[in-house]
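J.: Contents of start.json (JSON, C-alpha atoms and all ligand atoms):
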```json
[["chain", "number", "residue", "atom", "x", "y", "z"],
["A", 10, "MET", "CA", 75.71, 168.67, -133.35],
["A", 11, "SER", "CA", 72.47, 167.62, -131.67],
["A", 12, "GLN", "CA", 72.32, 164.34, -129.72],
["A", 13, "ASN", "CA", 70.19, 162.79, -132.51],
["A", 14, "ASP", "CA", 72.76, 163.77, -135.13],
["A", 15, "ILE", "CA", 75.58, 162.29, -133.07],
["A", 16, "VAL", "CA", 73.68, 159.01, -132.67],
["A", 17, "ARG", "CA", 72.89, 158.93, -136.42],
["A", 18, "ARG", "CA", 76.56, 159.48, -137.31],
["A", 19, "ILE", "CA", 77.66, 156.80, -134.80],
["A", 20, "ASP", "CA", 75.31, 154.35, -136.54],
["A", 21, "GLU", "CA", 76.72, 155.21, -139.98],
["A", 22, "LEU", "CA", 80.31, 154.81, -138.79],
["A", 23, "LYS", "CA", 79.51, 151.53, -137.07],
["A", 24, "ARG", "CA", 78.31, 150.14, -140.40],
["A", 25, "GLU", "CA", 81.29, 151.56, -142.33],
["A", 26, "ARG", "CA", 83.83, 150.21, -139.86],
["A", 27, "ASN", "CA", 81.99, 146.95, -139.06],
["A", 28, "ALA", "CA", 82.09, 148.00, -135.41],
["A", 29, "VAL", "CA", 80.16, 146.83, -132.36],
["A", 30, "LEU", "CA", 79.45, 148.85, -129.23],
["A", 31, "LEU", "CA", 79.87, 146.94, -125.94],
["A", 32, "VAL", "CA", 78.57, 148.87, -122.93],
["A", 33, "HIS", "CA", 78.74, 148.17, -119.19],
["A", 34, "ASN", "CA", 75.65, 148.47, -116.99],
["A", 35, "TYR", "CA", 77.13, 151.49, -115.11],
["A", 36, "GLN", "CA", 77.58, 153.71, -118.17],
["A", 37, "ARG", "CA", 75.74, 157.00, -118.77],
["A", 38, "PRO", "CA", 72.07, 156.53, -119.81],
["A", 39, "GLU", "CA", 72.58, 157.93, -123.33],
["A", 40, "VAL", "CA", 75.53, 155.58, -123.89],
["A", 41, "GLN", "CA", 73.56, 152.57, -122.58],
["A", 42, "ASP", "CA", 70.78, 153.46, -125.03],
["A", 43, "ILE", "CA", 73.00, 152.98, -128.12],
["A", 44, "ALA", "CA", 74.61, 149.70, -126.97],
["A", 45, "ASP", "CA", 74.73, 146.67, -129.24],
["A", 46, "PHE", "CA", 75.27, 144.70, -126.07],
["A", 47, "LEU", "CA", 74.75, 145.95, -122.52],
["A", 48, "GLY", "CA", 76.00, 143.79, -119.69],
["A", 49, "ASP", "CA", 78.25, 142.81, -116.82],
["A", 50, "SER", "CA", 81.95, 141.93, -117.08],
["A", 51, "LEU", "CA", 81.25, 138.26, -117.83],
["A", 52, "GLY", "CA", 78.64, 138.95, -120.52],
["A", 53, "LEU", "CA", 80.82, 141.60, -122.13],
["A", 54, "SER", "CA", 83.85, 139.26, -122.29],
["A", 55, "ARG", "CA", 81.69, 136.59, -123.89],
["A", 56, "GLN", "CA", 80.43, 139.06, -126.48],
["A", 57, "ALA", "CA", 83.97, 140.29, -127.18],
["A", 58, "ALA", "CA", 85.06, 136.71, -127.84],
["A", 59, "ALA", "CA", 82.04, 135.89, -130.02],
["A", 60, "THR", "CA", 81.60, 138.99, -132.19],
["A", 61, "ASP", "CA", 82.60, 138.92, -135.85],
["A", 62, "ALA", "CA", 82.96, 142.71, -135.95],
["A", 63, "ASN", "CA", 86.38, 144.15, -136.89],
["A", 64, "VAL", "CA", 86.21, 146.91, -134.31],
["A", 65, "ILE", "CA", 84.99, 146.81, -130.69],
["A", 66, "VAL", "CA", 84.19, 150.15, -129.07],
["A", 67, "PHE", "CA", 84.28, 149.38, -125.36],
["A", 68, "CYS", "CA", 82.34, 151.70, -123.06],
["A", 69, "GLY", "CA", 83.47, 150.62, -119.63],
["A", 70, "VAL", "CA", 86.74, 150.79, -117.70],
["A", 71, "HIS", "CA", 90.21, 149.83, -118.91],
["A", 72, "PHE", "CA", 90.44, 146.27, -117.55],
["A", 73, "MET", "CA", 87.22, 145.39, -119.40],
["A", 74, "ALA", "CA", 88.49, 146.66, -122.77],
["A", 75, "GLU", "CA", 91.83, 144.98, -122.10],
["A", 76, "THR", "CA", 90.00, 141.68, -121.49],
["A", 77, "ALA", "CA", 88.28, 142.12, -124.87],
["A", 78, "LYS", "CA", 91.69, 142.63, -126.52],
["A", 79, "ILE", "CA", 93.13, 139.57, -124.75],
["A", 80, "LEU", "CA", 90.29, 137.45, -126.11],
["A", 81, "SER", "CA", 90.23, 139.01, -129.59],
["A", 82, "PRO", "CA", 93.75, 140.18, -130.47],
["A", 83, "GLU", "CA", 92.96, 140.41, -134.17],
["A", 84, "LYS", "CA", 90.27, 143.02, -133.51],
["A", 85, "THR", "CA", 90.75, 146.72, -133.01],
["A", 86, "VAL", "CA", 89.57, 147.49, -129.46],
["A", 87, "LEU", "CA", 88.85, 151.15, -128.80],
["A", 88, "MET", "CA", 87.94, 153.09, -125.68],
["A", 89, "PRO", "CA", 86.12, 156.43, -125.97],
["A", 90, "ASP", "CA", 88.29, 157.57, -123.03],
["A", 91, "ILE", "CA", 91.38, 155.47, -122.36],
["A", 92, "HIS", "CA", 91.84, 157.15, -118.96],
["A", 93, "ALA", "CA", 88.79, 155.35, -117.55],
["A", 94, "GLY", "CA", 90.54, 153.13, -115.02],
["A", 95, "CYS", "CA", 89.39, 151.09, -112.04],
["A", 96, "PRO", "CA", 90.94, 152.05, -108.67],
["A", 97, "MET", "CA", 90.44, 148.50, -107.40],
["A", 98, "ALA", "CA", 92.31, 147.03, -110.37],
["A", 99, "ASN", "CA", 95.17, 149.43, -109.59],
["A", 100, "MET", "CA", 95.47, 148.03, -106.04],
["A", 101, "VAL", "CA", 97.44, 145.02, -107.30],
["A", 102, "THR", "CA", 100.48, 144.99, -109.58],
["A", 103, "ALA", "CA", 102.63, 142.15, -110.90],
["A", 104, "GLU", "CA", 105.65, 142.45, -108.55],
["A", 105, "PRO", "CA", 103.86, 142.42, -105.16],
["A", 106, "LEU", "CA", 101.65, 139.61, -106.44],
["A", 107, "ALA", "CA", 104.74, 137.57, -107.36],
["A", 108, "ALA", "CA", 106.02, 138.11, -103.79],
["A", 109, "MET", "CA", 102.70, 136.99, -102.30],
["A", 110, "LYS", "CA", 102.74, 133.88, -104.51],
["A", 111, "ARG", "CA", 106.21, 133.04, -103.19],
["A", 112, "GLU", "CA", 104.80, 133.22, -99.64],
["A", 113, "HIS", "CA", 101.96, 130.84, -100.59],
["A", 114, "PRO", "CA", 103.38, 128.46, -103.21],
["A", 115, "ASP", "CA", 100.67, 125.90, -102.40],
["A", 116, "ALA", "CA", 97.75, 128.24, -103.27],
["A", 117, "THR", "CA", 95.78, 128.48, -106.53],
["A", 118, "VAL", "CA", 95.63, 132.12, -107.63],
["A", 119, "VAL", "CA", 92.08, 133.23, -108.48],
["A", 120, "THR", "CA", 92.00, 136.77, -109.82],
["A", 121, "TYR", "CA", 88.96, 138.96, -110.18],
["A", 122, "VAL", "CA", 88.66, 140.29, -113.73],
["A", 123, "ASN", "CA", 89.01, 143.80, -112.23],
["A", 124, "SER", "CA", 92.80, 143.60, -112.65],
["A", 125, "SER", "CA", 95.47, 144.37, -115.24],
["A", 126, "ALA", "CA", 96.58, 141.94, -117.97],
["A", 127, "ALA", "CA", 99.98, 141.65, -116.21],
["A", 128, "VAL", "CA", 98.25, 140.46, -113.02],
["A", 129, "LYS", "CA", 95.98, 138.07, -114.92],
["A", 130, "ALA", "CA", 99.09, 136.67, -116.62],
["A", 131, "GLN", "CA", 100.34, 135.57, -113.18],
["A", 132, "SER", "CA", 97.05, 133.94, -112.23],
["A", 133, "ASP", "CA", 95.72, 130.40, -112.49],
["A", 134, "TYR", "CA", 92.09, 131.42, -112.95],
["A", 135, "CYS", "CA", 90.14, 134.58, -113.60],
["A", 136, "CYS", "CA", 86.65, 135.14, -112.23],
["A", 137, "THR", "CA", 83.96, 137.82, -112.33],
["A", 138, "SER", "CA", 81.34, 138.78, -109.77],
["A", 139, "ALA", "CA", 78.92, 136.46, -111.59],
["A", 140, "ASN", "CA", 81.00, 133.29, -111.28],
["A", 141, "ALA", "CA", 83.49, 133.73, -108.40],
["A", 142, "VAL", "CA", 81.87, 130.96, -106.32],
["A", 143, "SER", "CA", 81.76, 128.40, -109.15],
["A", 144, "VAL", "CA", 85.31, 129.21, -110.25],
["A", 145, "VAL", "CA", 86.69, 128.76, -106.73],
["A", 146, "GLN", "CA", 84.68, 125.54, -106.29],
["A", 147, "ALA", "CA", 86.08, 124.22, -109.58],
["A", 148, "THR", "CA", 89.71, 124.63, -108.50],
["A", 149, "ARG", "CA", 91.21, 121.32, -107.34],
["A", 150, "ASN", "CA", 93.46, 122.83, -104.70],
["A", 151, "SER", "CA", 92.26, 123.30, -101.10],
["A", 152, "LYS", "CA", 93.98, 126.70, -100.75],
["A", 153, "VAL", "CA", 93.12, 129.85, -102.73],
["A", 154, "LEU", "CA", 94.93, 133.18, -103.03],
["A", 155, "PHE", "CA", 92.13, 135.58, -104.00],
["A", 156, "VAL", "CA", 93.12, 138.85, -105.74],
["A", 157, "PRO", "CA", 92.39, 141.80, -105.54],
["A", 158, "ASP", "CA", 88.90, 142.28, -104.01],
["A", 159, "ARG", "CA", 88.82, 141.22, -100.39],
["A", 160, "HIS", "CA", 85.00, 141.48, -100.27],
["A", 161, "LEU", "CA", 84.27, 139.34, -103.33],
["A", 162, "GLY", "CA", 86.88, 136.92, -101.97],
["A", 163, "GLU", "CA", 85.11, 136.72, -98.62],
["A", 164, "PHE", "CA", 81.80, 136.17, -100.39],
["A", 165, "ALA", "CA", 83.31, 133.27, -102.36],
["A", 166, "ALA", "CA", 84.90, 131.87, -99.19],
["A", 167, "GLU", "CA", 81.49, 131.81, -97.45],
["A", 168, "HIS", "CA", 80.32, 129.34, -100.13],
["A", 169, "CYS", "CA", 83.40, 127.12, -100.40],
["A", 170, "ASP", "CA", 85.12, 124.78, -98.00],
["A", 171, "LYS", "CA", 88.66, 126.00, -98.75],
["A", 172, "GLU", "CA", 91.43, 127.91, -97.06],
["A", 173, "PHE", "CA", 91.65, 131.51, -98.34],
["A", 174, "VAL", "CA", 94.39, 134.11, -98.42],
["A", 175, "PHE", "CA", 93.01, 137.53, -99.36],
["A", 176, "TRP", "CA", 94.57, 140.48, -101.12],
["A", 177, "GLU", "CA", 93.48, 143.67, -99.33],
["A", 178, "GLY", "CA", 91.83, 145.36, -102.32],
["A", 179, "PHE", "CA", 88.38, 146.96, -102.41],
["A", 180, "CYS", "CA", 86.09, 149.09, -104.55],
["A", 181, "PRO", "CA", 85.99, 152.63, -103.13],
["A", 182, "ILE", "CA", 82.55, 153.16, -104.70],
["A", 183, "HIS", "CA", 80.90, 150.12, -103.10],
["A", 184, "MET", "CA", 82.49, 151.12, -99.75],
["A", 185, "LYS", "CA", 80.13, 154.11, -99.80],
["A", 186, "ILE", "CA", 77.13, 151.82, -99.41],
["A", 187, "LEU", "CA", 76.67, 151.43, -95.65],
["A", 188, "ALA", "CA", 74.74, 148.94, -93.53],
["A", 189, "GLU", "CA", 72.90, 151.91, -91.98],
["A", 190, "ASP", "CA", 71.62, 152.83, -95.48],
["A", 191, "ILE", "CA", 70.07, 149.37, -95.88],
["A", 192, "VAL", "CA", 68.62, 149.36, -92.33],
["A", 193, "ARG", "CA", 66.96, 152.77, -92.91],
["A", 194, "LEU", "CA", 65.56, 151.77, -96.33],
["A", 195, "ARG", "CA", 64.22, 148.47, -94.96],
["A", 196, "GLU", "CA", 62.33, 150.46, -92.29],
["A", 197, "GLN", "CA", 60.98, 152.90, -94.89],
["A", 198, "CYS", "CA", 60.07, 150.21, -97.46],
["A", 199, "PRO", "CA", 59.47, 146.93, -95.62],
["A", 200, "ASP", "CA", 58.21, 145.18, -98.79],
["A", 201, "ALA", "CA", 61.25, 146.04, -100.87],
["A", 202, "GLU", "CA", 63.64, 143.35, -102.06],
["A", 203, "VAL", "CA", 67.28, 144.25, -101.35],
["A", 204, "LEU", "CA", 69.77, 143.32, -104.10],
["A", 205, "VAL", "CA", 73.48, 144.08, -103.62],
["A", 206, "HIS", "CA", 76.73, 143.50, -105.47],
["A", 207, "PRO", "CA", 79.34, 141.17, -103.88],
["A", 208, "GLU", "CA", 81.87, 144.04, -103.82],
["A", 209, "CYS", "CA", 79.82, 145.42, -100.87],
["A", 210, "THR", "CA", 81.15, 144.90, -97.34],
["A", 211, "ALA", "CA", 80.13, 141.84, -95.29],
["A", 212, "ASP", "CA", 77.75, 143.86, -93.06],
["A", 213, "VAL", "CA", 75.88, 145.15, -96.15],
["A", 214, "ARG", "CA", 75.82, 141.70, -97.77],
["A", 215, "ALA", "CA", 74.40, 140.22, -94.56],
["A", 216, "LEU", "CA", 71.36, 142.54, -94.84],
["A", 217, "ALA", "CA", 70.62, 141.71, -98.50],
["A", 218, "ASP", "CA", 68.06, 139.31, -99.98],
["A", 219, "HIS", "CA", 70.34, 138.47, -102.91],
["A", 220, "ILE", "CA", 74.01, 139.11, -103.74],
["A", 221, "LEU", "CA", 74.48, 139.32, -107.49],
["A", 222, "SER", "CA", 76.55, 140.69, -110.38],
["A", 223, "THR", "CA", 75.10, 143.69, -112.21],
["A", 224, "THR", "CA", 73.42, 141.54, -114.87],
["A", 225, "GLY", "CA", 72.36, 139.13, -112.10],
["A", 226, "ILE", "CA", 70.56, 142.06, -110.45],
["A", 227, "CYS", "CA", 68.78, 142.88, -113.75],
["A", 228, "GLN", "CA", 67.71, 139.23, -114.15],
["A", 229, "ARG", "CA", 66.50, 138.90, -110.55],
["A", 230, "VAL", "CA", 64.28, 142.00, -110.92],
["A", 231, "GLN", "CA", 62.57, 140.40, -113.95],
["A", 232, "GLU", "CA", 61.91, 137.12, -112.09],
["A", 233, "SER", "CA", 60.78, 138.65, -108.81],
["A", 234, "ASP", "CA", 57.19, 139.42, -107.79],
["A", 235, "ALA", "CA", 58.34, 142.36, -105.66],
["A", 236, "GLU", "CA", 57.35, 145.86, -106.79],
["A", 237, "THR", "CA", 60.08, 147.81, -105.02],
["A", 238, "PHE", "CA", 63.81, 147.13, -104.98],
["A", 239, "VAL", "CA", 66.70, 148.61, -103.03],
["A", 240, "ILE", "CA", 69.77, 148.44, -105.31],
["A", 241, "GLY", "CA", 73.15, 148.19, -103.61],
["A", 242, "THR", "CA", 75.59, 148.91, -106.40],
["A", 243, "GLU", "CA", 76.77, 151.79, -108.62],
["A", 244, "VAL", "CA", 73.79, 154.01, -109.45],
["A", 245, "GLY", "CA", 74.24, 153.86, -113.27],
["A", 246, "ILE", "CA", 72.44, 150.50, -113.29],
["A", 247, "LEU", "CA", 69.17, 152.20, -112.27],
["A", 248, "HIS", "CA", 68.71, 153.54, -115.82],
["A", 249, "ARG", "CA", 68.61, 150.02, -117.27],
["A", 250, "LEU", "CA", 66.41, 148.71, -114.46],
["A", 251, "ARG", "CA", 63.86, 151.52, -114.91],
["A", 252, "ARG", "CA", 63.84, 151.19, -118.70],
["A", 253, "GLU", "CA", 63.30, 147.42, -118.59],
["A", 254, "ASN", "CA", 60.79, 147.51, -115.71],
["A", 255, "PRO", "CA", 58.76, 150.74, -115.95],
["A", 256, "GLU", "CA", 56.10, 149.38, -113.57],
["A", 257, "LYS", "CA", 58.58, 148.69, -110.74],
["A", 258, "ARG", "CA", 60.21, 151.09, -108.28],
["A", 259, "PHE", "CA", 63.98, 151.29, -107.67],
["A", 260, "ILE", "CA", 65.72, 152.97, -104.79],
["A", 261, "PRO", "CA", 69.53, 153.33, -104.76],
["A", 262, "ALA", "CA", 70.99, 152.02, -101.50],
["A", 263, "SER", "CA", 73.24, 155.08, -101.59],
["A", 264, "GLU", "CA", 73.25, 158.07, -103.96],
["A", 265, "ARG", "CA", 76.96, 158.36, -103.14],
["A", 266, "ALA", "CA", 77.81, 155.20, -105.07],
["A", 267, "VAL", "CA", 78.88, 156.86, -108.33],
["A", 268, "CYS", "CA", 81.94, 155.55, -110.24],
["A", 269, "PRO", "CA", 83.41, 158.62, -111.98],
["A", 270, "ASN", "CA", 85.53, 156.47, -114.31],
["A", 271, "MET", "CA", 82.39, 154.79, -115.64],
["A", 272, "LYS", "CA", 81.02, 158.21, -116.63],
["A", 273, "LEU", "CA", 84.02, 159.30, -118.74],
["A", 274, "ALA", "CA", 82.62, 157.84, -121.97],
["A", 275, "THR", "CA", 80.17, 160.26, -123.59],
["A", 276, "LEU", "CA", 78.31, 160.13, -126.92],
["A", 277, "GLU", "CA", 80.77, 162.65, -128.40],
["A", 278, "LYS", "CA", 83.76, 160.55, -127.34],
["A", 279, "VAL", "CA", 82.13, 157.42, -128.84],
["A", 280, "LEU", "CA", 81.74, 159.30, -132.11],
["A", 281, "TRP", "CA", 85.32, 160.58, -132.09],
["A", 282, "SER", "CA", 86.70, 157.14, -131.32],
["A", 283, "LEU", "CA", 84.88, 155.73, -134.37],
["A", 284, "GLU", "CA", 85.95, 158.64, -136.58],
["A", 285, "ASP", "CA", 89.64, 158.43, -135.63],
["A", 286, "LEU", "CA", 89.82, 154.72, -134.69],
["A", 287, "ALA", "CA", 91.26, 155.82, -131.33],
["A", 288, "GLU", "CA", 92.13, 155.27, -128.56],
["A", 289, "GLU", "CA", 93.32, 151.74, -129.15],
["A", 290, "VAL", "CA", 93.89, 149.25, -126.33],
["A", 291, "GLN", "CA", 97.09, 147.20, -126.72],
["A", 292, "VAL", "CA", 98.41, 144.23, -124.75],
["A", 293, "GLU", "CA", 101.93, 142.89, -125.10],
["A", 294, "GLU", "CA", 101.75, 139.42, -126.77],
["A", 295, "ASP", "CA", 103.50, 137.32, -124.11],
["A", 296, "ILE", "CA", 101.34, 138.83, -121.33],
["A", 297, "ARG", "CA", 98.24, 138.47, -123.49],
["A", 298, "ARG", "CA", 98.79, 134.75, -124.05],
["A", 299, "ARG", "CA", 99.36, 134.05, -120.35],
["A", 300, "ALA", "CA", 96.41, 136.23, -119.27],
["A", 301, "LYS", "CA", 94.18, 134.48, -121.81],
["A", 302, "ARG", "CA", 94.89, 131.11, -120.21],
["A", 303, "ALA", "CA", 93.38, 132.30, -116.92],
["A", 304, "ILE", "CA", 90.37, 133.83, -118.69],
["A", 305, "ASP", "CA", 89.82, 130.73, -120.86],
["A", 306, "ARG", "CA", 89.78, 128.54, -117.75],
["A", 307, "MET", "CA", 87.07, 130.80, -116.29],
["A", 308, "VAL", "CA", 84.99, 130.79, -119.49],
["A", 309, "ALA", "CA", 85.19, 126.96, -119.60],
["A", 310, "ILE", "CA", 83.67, 126.81, -116.08],
["A", 311, "GLY", "CA", 80.79, 129.19, -116.79],
["B", 1, "LIG", "P1", 79.92, 143.31, -112.85],
["B", 1, "LIG", "O1", 80.82, 142.33, -113.51],
["B", 1, "LIG", "O2", 78.97, 142.70, -111.87],
["B", 1, "LIG", "O3", 79.20, 144.14, -113.88],
["B", 1, "LIG", "O4", 80.80, 144.29, -111.97],
["B", 1, "LIG", "C1", 81.85, 145.04, -112.48],
["B", 1, "LIG", "C2", 82.27, 146.08, -111.56],
["B", 1, "LIG", "O5", 83.22, 146.80, -111.81],
["B", 1, "LIG", "C3", 81.55, 146.27, -110.33],
["B", 1, "LIG", "O6", 81.99, 147.38, -109.66],
["B", 2, "LIG", "FE1", 86.18, 149.64, -110.31],
["B", 2, "LIG", "FE2", 84.44, 150.04, -108.34],
["B", 2, "LIG", "FE3", 84.25, 151.49, -110.56],
["B", 2, "LIG", "FE4", 83.62, 148.86, -110.56],
["B", 2, "LIG", "S1", 82.57, 150.53, -109.47],
["B", 2, "LIG", "S2", 84.83, 149.94, -112.08],
["B", 2, "LIG", "S3", 85.14, 148.08, -109.11],
["B", 2, "LIG", "S4", 85.92, 151.49, -109.06]]
```
Give the structure from this file in structure tokens form.
T.:
Amino acid sequence: MSQNDIVRRIDELKRERNAVLLVHNYQRPEVQDIADFLGDSLGLSRQAAATDANVIVFCGVHFMAETAKILSPEKTVLMPDIHAGCPMANMVTAEPLAAMKREHPDATVVTYVNSSAAVKAQSDYCCTSANAVSVVQATRNSKVLFVPDRHLGEFAAEHCDKEFVFWEGFCPIHMKILAEDIVRLREQCPDAEVLVHPECTADVRALADHILSTTGICQRVQESDAETFVIGTEVGILHRLRRENPEKRFIPASERAVCPNMKLATLEKVLWSLEDLAEEVQVEEDIRRRAKRAIDRMVAIG
């Protein structure tokens, strides 16, 4: 089947199944191009909650599709490749988190959405990279246990007058973006604006002009007068940036920053998942209800 035929068949099946295609900003270019909604974790959760489709095909990693299922249990949530996980999300599990909570009974648990439903179920609040600072500021307690991304946690801590306890998680992809990459690119392109994701290390964040979620980066590019941008996040976002801003120039902070899990969804797998209504994401009901409480609190804050 040619690529055009696959896309045509996907469109037909979407209509037949009343399905919607939610796609993360790091996905393959050809998958981004057929999205009904393309966005960051926060935008995608909002869409998952709001859609009146019966079926959500989620092109992203597992925790994102799981969040969609938590918010919309009556919908069928499919992943083109259910093995697309997030190594950072796997750095925290329910039991060790329970132990850490026992050590810090006075702390409010704020959990990055890059985590399993079982971990969210043990959390007071969820947050994403777009709203971590406002979520932490909105908590009444003066002490926060931030899980699992140490770097996003540090970024939030820089903007809040609270005591923090950090889980030692990190994104192995964003670790590949080095301060020396930014220093070199600033020398080569002194007029470029440097935009980085908060999962980057503190030394990289310190060299940036703005620290933003993936959709935040896309919005900043549209507002900015700069012509050249250094982009410090996973390289898949460059496709969207170039398509939306053909007159501007984008330079990846590091070509090494490729998330292999984000590339597992292909057009063929999207088609097969619509044909077979597979592979379906499931969340156990008790965990789902408790995880939803933490997500709802986040959504209420913004
Ligand atoms: P965003 O929510 O900013 O899209 O980030 C998700 C992610 O996994 C970053 O690595
Ligand atoms: Fe997880 Fe990092 Fe991939 Fe984002 S880029 S999905 S945090 S491994």
J.: Neighbours of A:Pro261 within 9 Å (all atoms listed in the file; same-chain residues fewer than 5 positions away dropped), as a short mmCIF file (atom, residue, chain, number, x, y, z; two decimals) with C-alpha atoms, in the frame of the given file?
T.:
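Heads up, here's the output in around_12.cif:
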```
data_model
loop_
_atom_site.label_atom_id
_atom_site.label_comp_id
_atom_site.auth_asym_id
_atom_site.auth_seq_id
_atom_site.Cartn_x
_atom_site.Cartn_y
_atom_site.Cartn_z
CA PHE A 238 63.81 147.13 -104.98
CA VAL A 239 66.70 148.61 -103.03
CA ILE A 240 69.77 148.44 -105.31
CA GLY A 241 73.15 148.19 -103.61
CA THR A 242 75.59 148.91 -106.40
CA GLU A 243 76.77 151.79 -108.62
CA VAL A 244 73.79 154.01 -109.45
CA LEU A 247 69.17 152.20 -112.27
CA ALA A 266 77.81 155.20 -105.07
#
```
J.: Considering all atoms listed in the file, state which residue in the set A:Gln12, A:Ser138, A:Ser54, A:Thr237 is at the smallest distance from ligand LIG 2 (chain B).
T.: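 Among A:Gln12, A:Ser138, A:Ser54, A:Thr237, it is A:Ser138 that comes nearest to ligand LIG 2 (chain B).
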J.: Please provide as a PyMOL selection string all residues within 10 Å of A:Glu189, with the sequence filter that same-chain residues fewer than 4 positions apart are discarded (counting all atoms listed in the file).
T.: chain A and resi 193-195+212-213+216+262
J.: With only C-alpha atoms as the basis for distance, which of A:Ala58, A:Ala127, A:Ala98, A:Leu273 is at the shortest distance from A:Glu83?
T.: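 Ranking A:Ala58, A:Ala127, A:Ala98, A:Leu273 by distance to A:Glu83, first place goes to A:Ala58.
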J.: Which residues, written as a short mmCIF file (atom, residue, chain, number, x, y, z; two decimals) with C-alpha atoms, in the coordinates of the input, have at least one atom at most 12 Å from A:Ser143, with only C-alpha atoms counted and residues fewer than 4 positions away on the same chain left out?
T.:
```cif
data_model
loop_
_atom_site.label_atom_id
_atom_site.label_comp_id
_atom_site.auth_asym_id
_atom_site.auth_seq_id
_atom_site.Cartn_x
_atom_site.Cartn_y
_atom_site.Cartn_z
CA VAL A 119 92.08 133.23 -108.48
CA TYR A 134 92.09 131.42 -112.95
CA CYS A 135 90.14 134.58 -113.60
CA CYS A 136 86.65 135.14 -112.23
CA THR A 137 83.96 137.82 -112.33
CA SER A 138 81.34 138.78 -109.77
CA ALA A 139 78.92 136.46 -111.59
CA ALA A 147 86.08 124.22 -109.58
CA THR A 148 89.71 124.63 -108.50
CA ARG A 149 91.21 121.32 -107.34
CA PHE A 164 81.80 136.17 -100.39
CA ALA A 165 83.31 133.27 -102.36
CA ALA A 166 84.90 131.87 -99.19
CA HIS A 168 80.32 129.34 -100.13
CA CYS A 169 83.40 127.12 -100.40
CA ARG A 306 89.78 128.54 -117.75
CA MET A 307 87.07 130.80 -116.29
CA VAL A 308 84.99 130.79 -119.49
CA ALA A 309 85.19 126.96 -119.60
CA ILE A 310 83.67 126.81 -116.08
CA GLY A 311 80.79 129.19 -116.79
#
```
J.: So that each row is one residue of chain A with an atom at most 7 Å from ligand LIG 2 (chain B), can you give its shortest atom pair and the distance in Å to one decimal, using all atoms listed in the file, rows by chain and rising number, as CSV?
T.:
```
residue,atom,partner,partner_atom,distance
A:Val70,CA,B:LIG2,S2,6.0
A:Cys95,CA,B:LIG2,FE1,3.9
A:Pro96,CA,B:LIG2,S4,5.1
A:Met97,CA,B:LIG2,FE1,5.3
A:Ala98,CA,B:LIG2,FE1,6.7
A:Asn123,CA,B:LIG2,S3,6.6
A:Cys180,CA,B:LIG2,FE2,4.2
A:Pro181,CA,B:LIG2,FE2,6.0
A:Ile182,CA,B:LIG2,FE2,5.2
A:His183,CA,B:LIG2,FE2,6.3
A:Glu243,CA,B:LIG2,S1,6.0
A:Cys268,CA,B:LIG2,FE3,4.7
A:Asn270,CA,B:LIG2,FE3,6.4
A:Met271,CA,B:LIG2,FE3,6.3
```
J.: Residues of chain A that have any atom at most 6 Å from an atom of ligand LIG 1 (chain B): could you tabulate them with the shortest-distance atom pair and the distance in Å to one decimal, using only C-alpha atoms and all ligand atoms, ordered by chain and increasing number, as JSON lines?
T.:
```
{"residue": "A:Asp49", "atom": "CA", "partner": "B:LIG1", "partner_atom": "O3", "distance": 3.4}
{"residue": "A:Ser50", "atom": "CA", "partner": "B:LIG1", "partner_atom": "O1", "distance": 3.8}
{"residue": "A:Leu51", "atom": "CA", "partner": "B:LIG1", "partner_atom": "O1", "distance": 6.0}
{"residue": "A:Thr137", "atom": "CA", "partner": "B:LIG1", "partner_atom": "O1", "distance": 5.6}
{"residue": "A:Ser138", "atom": "CA", "partner": "B:LIG1", "partner_atom": "O2", "distance": 5.0}
{"residue": "A:Ser222", "atom": "CA", "partner": "B:LIG1", "partner_atom": "O2", "distance": 3.5}
{"residue": "A:Thr223", "atom": "CA", "partner": "B:LIG1", "partner_atom": "O2", "distance": 4.0}
```
J.: With all atoms listed in the file as the basis for distance, which of A:Gln228, A:Thr120, A:Asn13, A:Ser132 is at the shortest distance from A:Arg159?
T.: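 Nearest to A:Arg159: A:Thr120.
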J.: So, counting all atoms listed in the file, which residue among A:Pro105, A:Pro269, A:Gly245, A:Gly48 is closest to A:Tyr35?
T.: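 Counting all atoms listed in the file, the residue closest to A:Tyr35 is A:Gly245.
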J.: Interatomic distance between atom CA of A:Met88 and atom CA of A:Val279?
T.: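 For atom CA of A:Met88 relative to atom CA of A:Val279, the distance reads 7.9 Å.
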J.: Tell me which residues come within 10 Å of (79.0, 149.7, -136.2), as an mmCIF file with C-alpha atoms, keeping the file's coordinate frame, counting all atoms listed in the file in the file's coordinates.
T.:
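Saved to point-v8.cif:
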```cif
data_model
loop_
_atom_site.group_PDB
_atom_site.id
_atom_site.type_symbol
_atom_site.label_atom_id
_atom_site.label_comp_id
_atom_site.auth_asym_id
_atom_site.auth_seq_id
_atom_site.Cartn_x
_atom_site.Cartn_y
_atom_site.Cartn_z
ATOM 1 C CA ILE A 19 77.660 156.800 -134.800
ATOM 2 C CA ASP A 20 75.310 154.350 -136.540
ATOM 3 C CA GLU A 21 76.720 155.210 -139.980
ATOM 4 C CA LEU A 22 80.310 154.810 -138.790
ATOM 5 C CA LYS A 23 79.510 151.530 -137.070
ATOM 6 C CA ARG A 24 78.310 150.140 -140.400
ATOM 7 C CA GLU A 25 81.290 151.560 -142.330
ATOM 8 C CA ARG A 26 83.830 150.210 -139.860
ATOM 9 C CA ASN A 27 81.990 146.950 -139.060
ATOM 10 C CA ALA A 28 82.090 148.000 -135.410
ATOM 11 C CA VAL A 29 80.160 146.830 -132.360
ATOM 12 C CA LEU A 30 79.450 148.850 -129.230
ATOM 13 C CA ASP A 45 74.730 146.670 -129.240
ATOM 14 C CA ALA A 62 82.960 142.710 -135.950
ATOM 15 C CA ASN A 63 86.380 144.150 -136.890
ATOM 16 C CA VAL A 64 86.210 146.910 -134.310
ATOM 17 C CA ILE A 65 84.990 146.810 -130.690
ATOM 18 C CA VAL A 66 84.190 150.150 -129.070
ATOM 19 C CA LEU A 283 84.880 155.730 -134.370
#
```
